[in-house]
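Shown below: input-v1.txt, with compact mmCIF, C-alpha atoms and all ligand atoms.
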# COMPACT_ATOMS: atom_id res chain seq x y z
CA MET A 1 44.46 -114.83 -5.20
CA THR A 2 42.19 -112.09 -3.91
CA GLU A 3 41.51 -108.50 -4.93
CA GLN A 4 44.18 -107.47 -2.39
CA ASN A 5 46.90 -108.94 -4.65
CA PHE A 6 46.17 -106.19 -7.16
CA ILE A 7 46.53 -103.24 -4.79
CA PRO A 8 49.99 -101.85 -5.53
CA LYS A 9 52.75 -100.80 -3.20
CA ALA A 10 54.84 -97.65 -3.82
CA TYR A 11 56.09 -97.07 -7.37
CA SER A 12 59.80 -97.29 -8.04
CA ASN A 13 59.92 -94.91 -11.05
CA THR A 14 58.53 -91.52 -11.96
CA ILE A 15 57.28 -90.96 -15.49
CA GLU A 16 56.43 -87.49 -16.83
CA SER A 17 54.72 -88.33 -20.10
CA GLY A 18 54.42 -90.91 -22.85
CA LYS A 19 52.19 -92.86 -25.19
CA VAL A 20 51.30 -96.56 -25.44
CA THR A 21 49.16 -98.41 -27.98
CA TRP A 22 47.51 -101.81 -27.73
CA GLU A 23 45.26 -103.79 -30.00
CA SER A 24 42.88 -106.11 -28.26
CA PRO A 25 40.41 -108.61 -29.72
CA SER A 26 36.77 -109.37 -29.16
CA ASN A 27 35.80 -112.85 -27.98
CA ILE A 28 32.84 -115.19 -28.40
CA ALA A 29 31.69 -117.33 -25.50
CA LEU A 30 31.00 -121.05 -25.95
CA ILE A 31 29.72 -121.51 -22.38
CA LYS A 32 27.98 -118.23 -21.62
CA TYR A 33 28.24 -115.77 -18.77
CA TRP A 34 24.76 -114.46 -17.98
CA GLY A 35 24.09 -113.31 -14.45
CA LYS A 36 26.49 -111.56 -12.10
CA LYS A 37 27.07 -110.59 -8.49
CA LYS A 38 28.59 -107.32 -7.25
CA ASP A 39 31.73 -106.01 -9.07
CA GLN A 40 31.17 -108.17 -12.15
CA ILE A 41 31.70 -111.43 -10.32
CA PRO A 42 30.06 -114.03 -12.59
CA GLU A 43 27.34 -116.36 -11.34
CA ASN A 44 28.84 -119.18 -13.41
CA PRO A 45 32.06 -120.00 -15.25
CA SER A 46 32.34 -119.20 -18.96
CA ILE A 47 34.79 -120.06 -21.75
CA SER A 48 35.40 -118.24 -25.01
CA PHE A 49 37.30 -118.28 -28.27
CA THR A 50 39.46 -115.20 -28.58
CA LEU A 51 38.84 -113.70 -32.04
CA ASN A 52 41.54 -112.67 -34.47
CA ASN A 53 40.14 -109.93 -36.72
CA CYS A 54 37.53 -108.07 -34.65
CA LYS A 55 39.75 -105.76 -32.62
CA THR A 56 39.95 -102.41 -30.93
CA ILE A 57 43.15 -100.38 -31.25
CA THR A 58 43.64 -97.88 -28.43
CA SER A 59 46.40 -95.34 -27.80
CA LEU A 60 46.81 -93.76 -24.41
CA THR A 61 48.80 -90.51 -24.25
CA PHE A 62 49.61 -89.39 -20.73
CA SER A 63 51.28 -86.41 -19.07
CA LYS A 64 51.76 -85.67 -15.40
CA LYS A 65 49.56 -82.93 -13.91
CA GLU A 66 49.76 -80.89 -10.70
CA ASN A 67 46.14 -80.87 -9.62
CA THR A 68 45.04 -84.32 -8.47
CA THR A 69 41.44 -83.59 -7.48
CA ASN A 70 39.80 -84.97 -10.63
CA PHE A 71 40.30 -87.50 -13.38
CA GLU A 72 41.26 -85.64 -16.55
CA PHE A 73 40.84 -87.35 -19.91
CA GLU A 74 39.56 -86.90 -23.44
CA VAL A 75 38.24 -89.70 -25.64
CA TYR A 76 38.38 -89.92 -29.43
CA LEU A 77 36.78 -92.55 -31.69
CA ASP A 78 38.16 -92.60 -35.24
CA GLY A 79 39.72 -89.18 -34.61
CA GLU A 80 36.47 -87.61 -33.44
CA LYS A 81 35.99 -86.37 -29.90
CA LYS A 82 33.43 -88.55 -28.10
CA ASP A 83 32.18 -86.88 -24.93
CA ASP A 84 29.34 -89.43 -24.69
CA PHE A 85 31.97 -92.15 -23.96
CA LYS A 86 33.20 -90.23 -20.92
CA PRO A 87 30.69 -91.35 -18.25
CA LYS A 88 31.47 -95.04 -18.88
CA ILE A 89 35.23 -94.39 -18.59
CA GLU A 90 34.74 -92.17 -15.52
CA THR A 91 32.84 -95.07 -13.87
CA PHE A 92 35.64 -97.44 -14.89
CA PHE A 93 38.32 -95.10 -13.46
CA ASN A 94 36.41 -94.88 -10.18
CA ARG A 95 36.18 -98.68 -9.97
CA VAL A 96 39.84 -99.33 -10.71
CA GLU A 97 41.45 -96.37 -8.93
CA VAL A 98 42.26 -98.42 -5.83
CA TYR A 99 44.30 -100.76 -8.08
CA LEU A 100 45.82 -97.92 -10.18
CA PRO A 101 46.34 -95.08 -7.69
CA PHE A 102 48.16 -92.94 -10.29
CA LEU A 103 45.01 -92.21 -12.29
CA ARG A 104 44.49 -88.72 -10.87
CA ASN A 105 48.16 -87.81 -11.39
CA TYR A 106 47.95 -87.83 -15.18
CA LYS A 107 46.04 -86.14 -17.93
CA PHE A 108 45.04 -88.75 -20.54
CA LYS A 109 44.13 -88.70 -24.19
CA ILE A 110 42.42 -91.96 -25.22
CA GLU A 111 42.27 -92.53 -28.98
CA THR A 112 40.42 -95.61 -30.11
CA LYS A 113 39.25 -97.31 -33.29
CA ASN A 114 37.70 -100.65 -34.16
CA THR A 115 38.62 -102.93 -37.05
CA PHE A 116 34.96 -103.91 -37.39
CA PRO A 117 32.44 -101.38 -38.63
CA HIS A 118 31.03 -99.03 -36.04
CA SER A 119 27.34 -99.79 -35.36
CA SER A 120 27.76 -103.32 -36.74
CA GLY A 121 25.88 -104.67 -33.74
CA ILE A 122 29.17 -106.24 -32.60
CA ALA A 123 29.73 -105.14 -29.04
CA SER A 124 33.02 -103.29 -28.75
CA SER A 125 32.99 -103.34 -24.94
CA ALA A 126 35.12 -106.51 -24.63
CA SER A 127 37.83 -105.36 -27.04
CA GLY A 128 37.52 -101.70 -25.99
CA MET A 129 37.74 -102.24 -22.24
CA SER A 130 40.54 -104.79 -22.54
CA ALA A 131 42.56 -102.44 -24.80
CA LEU A 132 42.18 -99.59 -22.30
CA ALA A 133 43.08 -101.84 -19.36
CA LEU A 134 46.23 -102.98 -21.21
CA CYS A 135 47.27 -99.38 -21.96
CA LEU A 136 46.88 -98.48 -18.28
CA MET A 137 48.90 -101.57 -17.31
CA SER A 138 51.68 -100.48 -19.68
CA LEU A 139 51.89 -97.15 -17.88
CA LYS A 140 51.88 -99.03 -14.59
CA ARG A 141 54.73 -101.23 -15.86
CA GLN A 142 56.76 -98.07 -16.60
CA LEU A 143 56.22 -97.03 -12.98
CA ASN A 144 57.09 -100.56 -11.71
CA PRO A 145 59.36 -102.13 -14.36
CA ASP A 146 60.01 -105.38 -12.53
CA MET A 147 56.54 -106.77 -13.13
CA PRO A 148 56.36 -110.39 -14.37
CA ASP A 149 54.37 -110.97 -17.58
CA ALA A 150 51.97 -113.38 -15.89
CA TYR A 151 51.03 -110.75 -13.32
CA PHE A 152 50.70 -108.11 -16.07
CA ASN A 153 48.16 -110.28 -17.93
CA GLN A 154 46.26 -111.26 -14.80
CA LYS A 155 45.93 -107.70 -13.61
CA ALA A 156 45.00 -106.42 -17.12
CA SER A 157 42.25 -109.05 -17.22
CA PHE A 158 41.18 -108.20 -13.65
CA LEU A 159 40.88 -104.49 -14.57
CA ALA A 160 39.12 -105.21 -17.88
CA ARG A 161 36.56 -107.27 -15.93
CA LEU A 162 35.71 -104.22 -13.87
CA GLY A 163 35.02 -102.34 -17.13
CA SER A 164 32.89 -105.04 -18.76
CA GLY A 165 32.73 -108.64 -17.50
CA SER A 166 33.45 -110.50 -20.71
CA ALA A 167 36.34 -108.09 -21.50
CA CYS A 168 38.49 -110.09 -19.06
CA ARG A 169 38.50 -112.92 -21.63
CA SER A 170 40.10 -110.66 -24.29
CA ILE A 171 43.69 -110.35 -23.06
CA GLU A 172 45.16 -113.66 -24.16
CA GLY A 173 44.32 -116.34 -26.72
CA ASP A 174 43.06 -118.69 -27.75
CA LEU A 175 40.59 -120.35 -25.34
CA ILE A 176 39.95 -118.41 -22.14
CA VAL A 177 38.14 -119.47 -18.98
CA TRP A 178 36.65 -117.01 -16.54
CA GLY A 179 34.83 -117.96 -13.37
CA ARG A 180 35.60 -120.57 -10.76
CA THR A 181 35.00 -124.15 -11.83
CA GLY A 182 36.25 -127.30 -10.16
CA VAL A 183 37.12 -128.62 -13.63
CA ILE A 184 40.00 -126.14 -13.98
CA GLU A 185 42.33 -125.82 -11.03
CA GLU A 186 43.59 -122.30 -11.80
CA SER A 187 40.18 -120.82 -12.71
CA THR A 188 38.97 -117.79 -10.76
CA ASP A 189 36.11 -115.30 -10.69
CA LEU A 190 38.63 -112.45 -10.67
CA PHE A 191 40.20 -112.73 -14.14
CA GLY A 192 40.42 -114.87 -17.25
CA VAL A 193 42.96 -117.71 -17.51
CA LYS A 194 44.14 -119.70 -20.51
CA TYR A 195 42.40 -123.06 -20.87
CA PRO A 196 45.19 -125.32 -19.57
CA TYR A 197 44.34 -128.76 -20.98
CA LYS A 198 44.85 -130.52 -24.28
CA VAL A 199 42.87 -129.14 -27.22
CA HIS A 200 42.43 -131.33 -30.31
CA GLU A 201 43.68 -130.23 -33.75
CA ASN A 202 40.04 -129.95 -34.90
CA PHE A 203 39.74 -126.72 -32.94
CA LYS A 204 42.93 -125.10 -34.26
CA GLU A 205 42.07 -122.02 -36.36
CA TYR A 206 38.37 -122.68 -35.77
CA GLN A 207 36.37 -120.36 -38.03
CA ASP A 208 33.78 -117.80 -36.95
CA THR A 209 31.79 -116.01 -39.64
CA ILE A 210 29.70 -113.33 -38.01
CA LEU A 211 26.42 -112.67 -39.79
CA LEU A 212 25.24 -109.13 -39.07
CA VAL A 213 21.50 -109.61 -38.90
CA ASP A 214 20.73 -106.41 -37.06
CA LYS A 215 23.10 -103.52 -36.65
CA GLY A 216 20.81 -101.43 -34.49
CA GLU A 217 21.23 -100.59 -30.85
CA LYS A 218 20.07 -103.47 -28.59
CA GLN A 219 16.69 -102.83 -26.93
CA VAL A 220 17.94 -104.32 -23.67
CA SER A 221 21.53 -103.76 -22.54
CA SER A 222 23.52 -106.69 -21.16
CA THR A 223 23.74 -104.92 -17.78
CA VAL A 224 19.94 -105.00 -17.54
CA GLY A 225 19.86 -108.58 -18.84
CA HIS A 226 22.40 -109.81 -16.26
CA ASN A 227 20.41 -108.17 -13.47
CA LEU A 228 17.23 -109.94 -14.55
CA MET A 229 18.90 -113.21 -13.54
CA HIS A 230 18.38 -112.14 -9.90
CA ASN A 231 15.18 -113.90 -8.78
CA HIS A 232 14.88 -115.55 -12.21
CA PRO A 233 12.83 -118.76 -11.84
CA TYR A 234 15.41 -120.87 -13.71
CA ALA A 235 18.61 -119.12 -12.56
CA LYS A 236 19.81 -121.80 -10.13
CA ASN A 237 19.44 -124.59 -12.68
CA ARG A 238 21.02 -122.50 -15.40
CA PHE A 239 24.12 -121.77 -13.31
CA GLN A 240 24.41 -125.46 -12.45
CA GLN A 241 24.04 -126.34 -16.15
CA ALA A 242 27.01 -124.10 -17.02
CA HIS A 243 29.11 -126.00 -14.44
CA ASP A 244 27.94 -129.34 -15.88
CA ASN A 245 28.73 -128.16 -19.39
CA PHE A 246 32.31 -127.41 -18.29
CA LYS A 247 32.67 -131.01 -17.19
CA ALA A 248 31.28 -132.18 -20.52
CA LEU A 249 33.43 -129.81 -22.59
CA LYS A 250 36.80 -130.99 -21.31
CA PRO A 251 36.73 -134.45 -22.96
CA ILE A 252 35.14 -132.91 -26.08
CA LEU A 253 38.01 -130.45 -26.49
CA GLU A 254 40.51 -133.22 -25.86
CA SER A 255 39.04 -135.78 -28.27
CA GLY A 256 37.92 -133.36 -30.99
CA ASN A 257 34.37 -134.75 -30.94
CA LEU A 258 32.73 -132.13 -33.17
CA GLU A 259 29.20 -133.58 -32.94
CA ALA A 260 29.25 -133.29 -29.15
CA PHE A 261 30.87 -129.84 -29.37
CA ILE A 262 28.11 -128.57 -31.66
CA GLN A 263 25.38 -129.92 -29.41
CA LEU A 264 26.90 -128.28 -26.36
CA ILE A 265 27.52 -124.82 -27.86
CA GLU A 266 24.19 -124.56 -29.68
CA SER A 267 22.40 -125.54 -26.47
CA GLU A 268 24.36 -122.85 -24.61
CA ALA A 269 23.37 -120.20 -27.18
CA LEU A 270 19.68 -121.12 -27.07
CA THR A 271 19.73 -121.36 -23.28
CA LEU A 272 21.13 -117.81 -23.07
CA HIS A 273 18.22 -116.54 -25.15
CA ALA A 274 15.76 -118.75 -23.26
CA MET A 275 16.87 -116.98 -20.06
CA MET A 276 16.04 -113.66 -21.71
CA MET A 277 12.63 -114.87 -22.83
CA THR A 278 11.82 -116.18 -19.36
CA SER A 279 13.04 -113.09 -17.45
CA MET A 280 10.53 -110.71 -15.92
CA PRO A 281 10.19 -108.43 -17.78
CA TYR A 282 10.85 -110.81 -20.69
CA PHE A 283 12.52 -109.81 -23.92
CA ILE A 284 13.65 -111.26 -27.24
CA LEU A 285 16.89 -110.20 -28.93
CA MET A 286 16.69 -112.65 -31.83
CA LYS A 287 15.10 -111.40 -35.06
CA PRO A 288 13.16 -113.40 -37.66
CA ASN A 289 16.34 -113.63 -39.75
CA THR A 290 18.25 -115.08 -36.78
CA LEU A 291 15.82 -118.02 -36.84
CA GLU A 292 15.93 -118.30 -40.64
CA ILE A 293 19.71 -118.64 -40.44
CA ILE A 294 19.59 -121.21 -37.61
CA ASN A 295 17.12 -123.36 -39.54
CA LYS A 296 19.20 -123.14 -42.72
CA ILE A 297 22.33 -124.16 -40.77
CA TRP A 298 20.52 -127.19 -39.33
CA LYS A 299 19.20 -128.24 -42.74
CA PHE A 300 22.60 -127.86 -44.41
CA ARG A 301 24.28 -129.81 -41.61
CA GLN A 302 21.78 -132.64 -41.94
CA GLU A 303 22.15 -132.77 -45.72
CA THR A 304 25.94 -132.59 -45.89
CA GLY A 305 27.18 -134.03 -42.60
CA LEU A 306 29.53 -131.02 -42.35
CA HIS A 307 30.31 -129.55 -38.94
CA ILE A 308 28.68 -126.16 -39.26
CA SER A 309 27.15 -124.76 -36.08
CA PHE A 310 26.14 -121.47 -34.53
CA THR A 311 26.35 -119.49 -31.37
CA LEU A 312 24.76 -116.19 -30.35
CA ASP A 313 25.76 -113.38 -28.05
CA ALA A 314 23.33 -110.93 -26.49
CA GLY A 315 21.91 -109.79 -29.82
CA ALA A 316 20.45 -110.89 -33.14
CA ASN A 317 23.72 -111.57 -34.96
CA VAL A 318 24.74 -115.16 -35.61
CA HIS A 319 28.28 -116.48 -35.16
CA VAL A 320 28.68 -119.39 -37.57
CA LEU A 321 31.37 -121.72 -36.22
CA TYR A 322 33.13 -124.45 -38.20
CA PRO A 323 36.47 -126.24 -38.47
CA LYS A 324 39.15 -124.87 -40.78
CA ASN A 325 39.30 -127.99 -42.99
CA GLU A 326 35.63 -127.58 -43.96
CA ALA A 327 35.93 -123.83 -44.52
CA SER A 328 35.77 -123.59 -48.30
CA VAL A 329 32.46 -125.49 -48.76
CA ILE A 330 30.85 -123.90 -45.71
CA LEU A 331 31.88 -120.36 -46.69
CA GLU A 332 30.39 -120.96 -50.13
CA PHE A 333 27.11 -122.03 -48.45
CA ILE A 334 27.20 -118.95 -46.20
CA LYS A 335 27.66 -116.63 -49.18
CA ASN A 336 24.99 -118.32 -51.29
CA GLU A 337 22.37 -119.03 -48.65
CA LEU A 338 22.88 -117.03 -45.46
CA VAL A 339 24.22 -113.62 -46.40
CA ALA A 340 20.79 -112.74 -47.84
CA TYR A 341 19.51 -112.62 -44.24
CA CYS A 342 22.16 -110.09 -43.15
CA GLN A 343 21.46 -106.40 -42.96
CA ASN A 344 22.87 -104.88 -46.18
CA GLY A 345 24.51 -108.28 -46.82
CA HIS A 346 27.16 -107.59 -44.20
CA TYR A 347 29.22 -110.31 -42.55
CA ILE A 348 32.71 -110.62 -41.05
CA CYS A 349 35.09 -113.56 -41.47
CA ASP A 350 37.03 -114.27 -38.33
CA GLN A 351 38.74 -117.15 -36.57
CA ILE A 352 40.16 -118.08 -33.22
CA GLY A 353 43.14 -115.82 -32.39
CA MET A 354 46.11 -115.40 -30.09
CA GLY A 355 45.13 -112.38 -27.99
CA ALA A 356 46.10 -108.75 -27.49
CA LYS A 357 49.31 -107.18 -28.86
CA GLN A 358 51.23 -104.10 -27.82
CA LEU A 359 51.84 -101.90 -30.86
CA THR A 360 53.96 -99.10 -29.37
CA MET A 361 55.72 -98.67 -26.04
O1 LIG B 1 30.39 -108.58 -20.68
P1 LIG B 1 28.95 -108.25 -20.77
O2 LIG B 1 28.41 -107.68 -19.49
O3 LIG B 1 28.63 -107.40 -21.98
O4 LIG B 1 28.12 -109.61 -20.96
C1 LIG B 1 28.28 -110.44 -22.07
C2 LIG B 1 27.40 -111.62 -21.99
C3 LIG B 1 27.35 -112.52 -23.21
O5 LIG B 1 28.03 -111.99 -24.31
C4 LIG B 1 25.91 -112.71 -23.61
C5 LIG B 1 27.93 -113.90 -22.86
C6 LIG B 1 29.41 -113.98 -22.71
O6 LIG B 1 29.83 -114.84 -21.91
O7 LIG B 1 30.15 -113.25 -23.36
So that I can check it, write out the structure of this file as structure tokens.
Ligand code: PMV
Amino acid sequence: MTEQNFIPKAYSNTIESGKVTWESPSNIALIKYWGKKKDQIPENPSISFTLNNCKTITSLTFSKKENTTNFEFEVYLDGEKKDDFKPKIETFFNRVEVYLPFLRNYKFKIETKNTFPHSSGIASSASGMSALALCLMSLKRQLNPDMPDAYFNQKASFLARLGSGSACRSIEGDLIVWGRTGVIEESTDLFGVKYPYKVHENFKEYQDTILLVDKGEKQVSSTVGHNLMHNHPYAKNRFQQAHDNFKALKPILESGNLEAFIQLIESEALTLHAMMMTSMPYFILMKPNTLEIINKIWKFRQETGLHISFTLDAGANVHVLYPKNEASVILEFIKNELVAYCQNGHYICDQIGMGAKQLTM
């Protein structure tokens, strides 16, 4: 597969107008993507749990227009016009136009909402960009109805990647791999693929309670952070480590070895933040309460022997991960001991999910 596979031939249908709606989830990486080449090609492979409850719901209304000089679209968040979202979408349209040559032929209304609170510090770019990519693919499918489902998903993921790298892991569930690794035959830098090997029962319905430590805007965007991996003193070793962790993860997922799983994902989370702290310029996205929570998790794990663990994304919030069969005791601990470290006591209960869903045709 190359980019060329996604450049379409002539369309068989003409469509005047319509509306499609998709809901698409967020995802949380276990092996992290941090560092990229041109066109959001990752420096190393990553793997994520698709989430179930943190979602973006996007409707795309389209009608054919005469003048094809410009892109024409309006964006609404929770029913309110959002002109400040337009530059990001304009950039996205420019990047994907070669793969969706109809973009200048339609006037679009993009209406979007998130199931998680706005300004929760949870990035909506993965769910938002994947939902938009899926809506555009639905229009494309109306123009070319004989498109196989596998191609639909691959191209939706490919387009979402061009919007925001990790968004390509938000099309399907439940474990998604993005980035070429020798461990997984079908893996590619171009789009996310379902993890193809055996996954132990221990990981079914794996729980993710997201502790909202800091809901503010990040001081350093992930685009800037990724770029700081160029000429980073530890970059080469870090990228190699991600490859090695893939090799290690495969037997862990197969055997259900939770101790080894915890060690691997916590190391990945701390390595991600270590890369930030050792960039030039350096930065820290964790907050004092992030560390309080991590220490409490470690203490509780040592005292109880339960399989509670954490991961982090590019921010201060903590994703507390644990198996379903230990959920009641661990959730009690979270409520009693960890929620106090969340901003306004806010947290979100989520779990591994099955991927995006089309809501209307
Ligand atoms: O997709 P981006 O460019 O926002 O980068 C996301 C990077 C991490 O969330 C930190 C890691 C990952 O693999 O999702």
Residue with smallest distance to A:Lys32 - pool A:Leu51, A:Ala126, A:Leu270, A:Ile334, counting only C-alpha atoms: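 Smallest separation from A:Lys32 among the options: A:Leu270.
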Cut-off 9 Å, only C-alpha atoms and all ligand atoms, neighbours of ligand LIG 1 (chain B) as a PyMOL selection string: chain A and resi 27-36+40+45-48+123+125-126+161+163-169+178+221-223+225-226+269+272-273+312-315
Which polymer residues have any atom within 8 Å of an atom of A:Gly179, counting only C-alpha atoms, with same-chain residues fewer than 2 positions away left out, as a PDB file with C-alpha atoms, keeping the file's coordinate frame?
ATOM      1  CA  ILE A  41      31.700-111.430 -10.320  1.00  0.00           C
ATOM      2  CA  PRO A  42      30.060-114.030 -12.590  1.00  0.00           C
ATOM      3  CA  GLU A  43      27.340-116.360 -11.340  1.00  0.00           C
ATOM      4  CA  ASN A  44      28.840-119.180 -13.410  1.00  0.00           C
ATOM      5  CA  PRO A  45      32.060-120.000 -15.250  1.00  0.00           C
ATOM      6  CA  SER A  46      32.340-119.200 -18.960  1.00  0.00           C
ATOM      7  CA  VAL A 177      38.140-119.470 -18.980  1.00  0.00           C
ATOM      8  CA  THR A 181      35.000-124.150 -11.830  1.00  0.00           C
ATOM      9  CA  SER A 187      40.180-120.820 -12.710  1.00  0.00           C
ATOM     10  CA  THR A 188      38.970-117.790 -10.760  1.00  0.00           C
ATOM     11  CA  ASP A 189      36.110-115.300 -10.690  1.00  0.00           C
ATOM     12  CA  LEU A 190      38.630-112.450 -10.670  1.00  0.00           C
ATOM     13  CA  PHE A 191      40.200-112.730 -14.140  1.00  0.00           C
ATOM     14  CA  GLY A 192      40.420-114.870 -17.250  1.00  0.00           C
TER      15      GLY A 192
END
Just the residues within 8 Å of A:Tyr195, please, counting all atoms listed in the file, with nothing from its chain fewer than 3 positions along; format it as a list in words.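 What passes the distance filter is Leu175, Ile176, Val177 and Ile184 of chain A.
When all atoms listed in the file are used to compute distances to A:Lys109, the closest of the residues A:Asn52, A:Met137, A:Lys19, A:Ile122 turns out to be A:Lys19.
In this model, the gap between atom CA of A:Tyr341 and atom CA of A:Ala316 comes to 11.3 Å.
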List the spatial neighbours of A:Glu3 as an MDAnalysis selection string - criterion: any atom at most 10 Å away, all atoms listed in the file, same-chain residues fewer than 6 positions off excluded. chainID A and resid 99 155 158 190
Find the residues near A:Ile330: any atom within 12 Å, counting only C-alpha atoms, skip ones fewer than 3 places away on the same chain, and give them as JSON, numbers by chain. {"A": [207, 208, 209, 297, 300, 301, 304, 305, 306, 307, 308, 309, 320, 321, 322, 323, 324, 325, 326, 327, 333, 334, 335, 336, 337, 338, 349]}
In Å, with one decimal, what is the gap from atom CA of A:Gln219 to atom CA of A:Met276?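 Separation of atom CA of A:Gln219 and atom CA of A:Met276: 12.0 Å.
If you look at atom CA of A:Gly182 and atom CA of A:Ile7, they are 26.7 Å away from each other.
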If you take every atom of stretch 256-275 of chain A that the file lists and fit an axis-aligned box around them with 6 Å extra on each side, what centre and edge lengths come out in Å to one decimal, as AutoDock Vina command-line options?
--center_x 26.8 --center_y -125.6 --center_z -26.6 --size_x 34.2 --size_y 30.2 --size_z 25.1
